[in-house]
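Worksheet for the structure shown next.
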Amino acid sequence: MLNKPSKVAILCVPLIGVIIFGFNNCGRFSQPHEESTENASLGSESLDSQQLGLPYALLSAEQTLSSMMKVTNVTTLSPALKAEYKGRYGALAAGNDLSMANGPLMLGSTSLAGEICNSLLIQEKAMTDVTSRSFFGSIDFTTGVSGLEDNGLNTSIRGMARSFWGRNETLEELTLLQEFRTDFINALTETDKTKPVAIRNLVLATCAAMLSSVDAISY
Amino acid sequence: MGKNKKKIPLWAQTGHAKPVTRREFLSAGILPFAASLAIPNWVSLLLGSQAQAETGLDCPLPASLIPFVTLNLSGGAALGSNFVPMNAKREPIASYSKMGLGDNKVPLEMEFGNVPFAGMNNGVLISKFLVGVRNQATAPTLANTAFIGIPCDSQNDSPNNKFDISGAIAKAGLIGTKFPNLGRVNNRTGINQASAIIAPPAPLVVNDYGALLTSIGYSSALGKALNPEQKNSLAKLMSNLNTIQTRKLASIQGASGVKKVLDCAGIKNIDVVAQGASAIDPRQNTAFSQVWGVNATTANNDRELIFGSMIYNTLSGQAGASSLEMGGFDYHNNTRTTGDAKDQEAGTTVGRILQSAAVLNKPVFIYVISDGSVSCQDSPNRNAPWTSDRGSNGIAYMLYYDPKGRPATSDYQIGQFNDNQSADTSFITGGNPEMVAAAVFANWCQANKRNDLFEKIAGRVFDTEQLSQIIKLA
């Protein structure tokens, strides 16, 4: 009969071998540097996220519009939204390959998101019972930006993150959004800071940014 | 702590069943933990750290390279019946009777130095392509242009010919300061052709001039609500937010290139938004506007305004390569009239591109391609009507304008035609569009005096002997 330490050793030694060698399947021993073109031959380099088998994909133009409307509960295509979508269509993605993203696509997505957020703001501001608002119930649109409380904006950001990204915002993301708020307010004149439209515009831009970030336009 | 009070495992705390499969072990963190214990630290020294490599984002920067324009004539144009292809000895082939030019005594009209085009027949120039070019480009412009024909068998009426070379051109460093590559078709290449060597970065598809104008800024609600400083802050926020959100890609094998594409796009937008949309309208330049026949009242969806805008921004370095698409070249309708009109239209566009470069005093490289070609019934008629597709007598054109003078060439043709009135597929570029694209890229690198770029990007596609056969620019 073997004693207990011997039994453990017999079991563990092969197990460690299996882990070391078996785990190599998941390792990156031969991962090529994507930008390396040394010894390249025809058709050797691909950035296509679908060919690479990445578990993420980009929303196409049609999917982007549909998704943005769905997550904001905006159901009506306003003439301005239609015009913006038509104008940006060529810049939005033709397919689902994540590497199809470029500068105009990102600007186009944010601009389109801005128009959807504008519809959302109109929709929610029209609700006199603020508790029935889905995203902006915590925002007082009647004051200047000095009246905007941290909690109010943060609650709104939380609601948008959950709906647009399917998760809570991270501390890092929240910090960026708060920095944006500071920059946004600093870019206003003292007079403009007192106008309620400043809060509306800040919320519009924050909503557009979150609605068009990578996590909102990919799946 | 009592023995009967077992610690509840993580999988149970999170409401999951006991892990059984590899996937479940991975998600429970058991395998990574075991691996981290089992794999010694020196392995990471050998493998390198991806995170370390990604700390400095190396976004591509525009290089000083010759602007590049592709013109795709979709449907199978009769390019081999405008430029007259020759055999290996640069003599006429036995007959051109299936190519709508009759016997082998085709009258020739020389242009671009000593390049043969289908010449005068009953007092009329057969090559309508050349008619179109001459109508738009002045004699001094043509005198500063080199032309090379590249016979190649290609698939008829197909978007799958790998003729597009915009990926390699972008990789070489031809990147716009404001725009990416510009295209006309909503796909990866921006034209109805597949990419050769490297898939290009996604182009901006220019449906109308307004789309080009608004593509580099925020419009509509955001455009009105935000002041310029706030727009800059928004672009910065988007770049930073996306950099955080693409971090998940960094841990996936092969995805760092995709992450770089996304991150660099955001970084570039910060500059683009700050610069605004000034200086992208070709109508700011009167001479340039006259080349394309556009003015302040021209509709945004006018093709000449769209083409002119694309060329203007490519020539000025604000866009990368431009890829223009013209349809209607599947013109074998038992007439020659339709085909001639389309050939002239193609020539007109090429003439305008050349003249645009002359007006702006910039060099330009033009690559004219099609998918397949056409043929007629075997006929001695030099204007026989087009009756069917015939990809075997396909040809691509390469033109290079330099304001300083006509670029020197060693030949006007790469490869040759055979007596079957077809591209000779025994030559390296004769039966493979991707090799044609590589040859054009090699000549563009040569024109830039940057042959190092060819080997770096295309690798050893051609050996030294083959390179000497396909590089025709001095």
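If you're wondering about the labels, chains in the structure tokens are A, B, ... by order shown, residues count from 1 in each chain, ligands from 1 in order shown.
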
Nearby residues (only C-alpha atoms) at most 12 Å from Pro140 (chain B), same-chain spacing under 3 positions excluded, as a compact mmCIF listing (two decimals) with C-alpha atoms, in the first residue's frame:
# COMPACT_ATOMS: atom_id res chain seq x y z
CA GLU B 111 0.48 59.14 -77.57
CA PHE B 112 2.36 59.42 -74.26
CA GLY B 113 5.63 59.20 -76.14
CA ARG B 134 -7.27 64.38 -75.27
CA GLN B 136 -9.60 66.99 -71.15
CA ALA B 137 -5.85 66.90 -70.77
CA ALA B 143 3.69 65.33 -72.74
CA ASN B 144 4.47 64.85 -69.06
CA THR B 145 2.62 61.54 -68.78
CA LEU B 354 -4.29 64.12 -65.33
CA GLN B 355 -5.30 67.72 -65.87
CA ALA B 358 -1.31 69.53 -63.80
CA VAL B 359 -3.44 72.35 -62.38
CA TYR B 401 2.05 62.12 -64.62
CA ASP B 402 4.94 64.18 -63.29
CA PRO B 403 4.79 67.99 -63.60
CA LYS B 404 8.56 68.03 -63.98
CA GLY B 405 8.44 66.07 -67.23
CA ARG B 406 7.44 62.70 -68.69

Tell me which protein, DNA and RNA residues are within 12 Å of Ala63 (chain B), counting only C-alpha atoms, leaving out same-chain ones fewer than 5 positions away, and put them as a ChimeraX atom specification. /B:169-177,317-320,448,450,453

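If you measure from each of A:Asn96, A:Ser156, A:Asn151, A:Asn102 to Leu58 (chain A) using only C-alpha atoms, the closest one turns out to be A:Asn96.
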
Distance query Phe136 (chain A) at most 7 Å, only C-alpha atoms, self and fewer than 2 positions along chain excluded, as an mmCIF file with N, CA and C atoms, in the first residue's frame:
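Result saved to part_27.cif:
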data_model
loop_
_atom_site.group_PDB
_atom_site.id
_atom_site.type_symbol
_atom_site.label_atom_id
_atom_site.label_comp_id
_atom_site.auth_asym_id
_atom_site.auth_seq_id
_atom_site.Cartn_x
_atom_site.Cartn_y
_atom_site.Cartn_z
ATOM 1 N N GLU A 124 -38.016 62.733 -23.369
ATOM 2 C CA GLU A 124 -38.013 62.652 -21.899
ATOM 3 C C GLU A 124 -38.316 63.996 -21.240
ATOM 4 N N ARG A 133 -39.217 59.103 -16.496
ATOM 5 C CA ARG A 133 -38.116 59.181 -17.460
ATOM 6 C C ARG A 133 -37.177 57.975 -17.286
ATOM 7 N N SER A 134 -36.723 57.427 -18.394
ATOM 8 C CA SER A 134 -35.852 56.254 -18.313
ATOM 9 C C SER A 134 -34.402 56.623 -18.052
ATOM 10 N N SER A 138 -32.985 62.124 -13.255
ATOM 11 C CA SER A 138 -32.182 62.729 -12.179
ATOM 12 C C SER A 138 -31.607 64.086 -12.572
ATOM 13 N N ILE A 139 -31.947 64.534 -13.769
ATOM 14 C CA ILE A 139 -31.376 65.804 -14.255
ATOM 15 C C ILE A 139 -32.427 66.910 -14.185
ATOM 16 N N SER A 156 -27.649 59.294 -14.195
ATOM 17 C CA SER A 156 -28.007 59.244 -15.612
ATOM 18 C C SER A 156 -26.983 58.410 -16.395
#

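Among the candidates A:Ala205, A:Met68, A:Ile199, A:Val74, the one nearest to chain B when counting only C-alpha atoms is A:Ala205.
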
List as a PyMOL selection string the protein and nucleic acid residues near region 91-93 of chain B, meaning an atom at most 6 Å away when only C-alpha atoms are counted, but skip any in the same chain fewer than 4 places from it. chain B and resi 86-87+419

For those residues, write N, CA and C atoms to a file as a tab-separated table (two decimals), in the first residue's frame.
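Result written to again29.tsv:
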chain	number	residue	atom	x	y	z
B	86	MET	N	0.70	44.44	-78.01
B	86	MET	CA	1.64	43.84	-78.95
B	86	MET	C	2.14	42.49	-78.41
B	87	ASN	N	2.89	41.78	-79.26
B	87	ASN	CA	3.46	40.51	-78.82
B	87	ASN	C	4.77	40.75	-78.07
B	419	ASP	N	-0.93	35.22	-80.41
B	419	ASP	CA	-1.70	35.25	-81.66
B	419	ASP	C	-3.13	34.75	-81.50
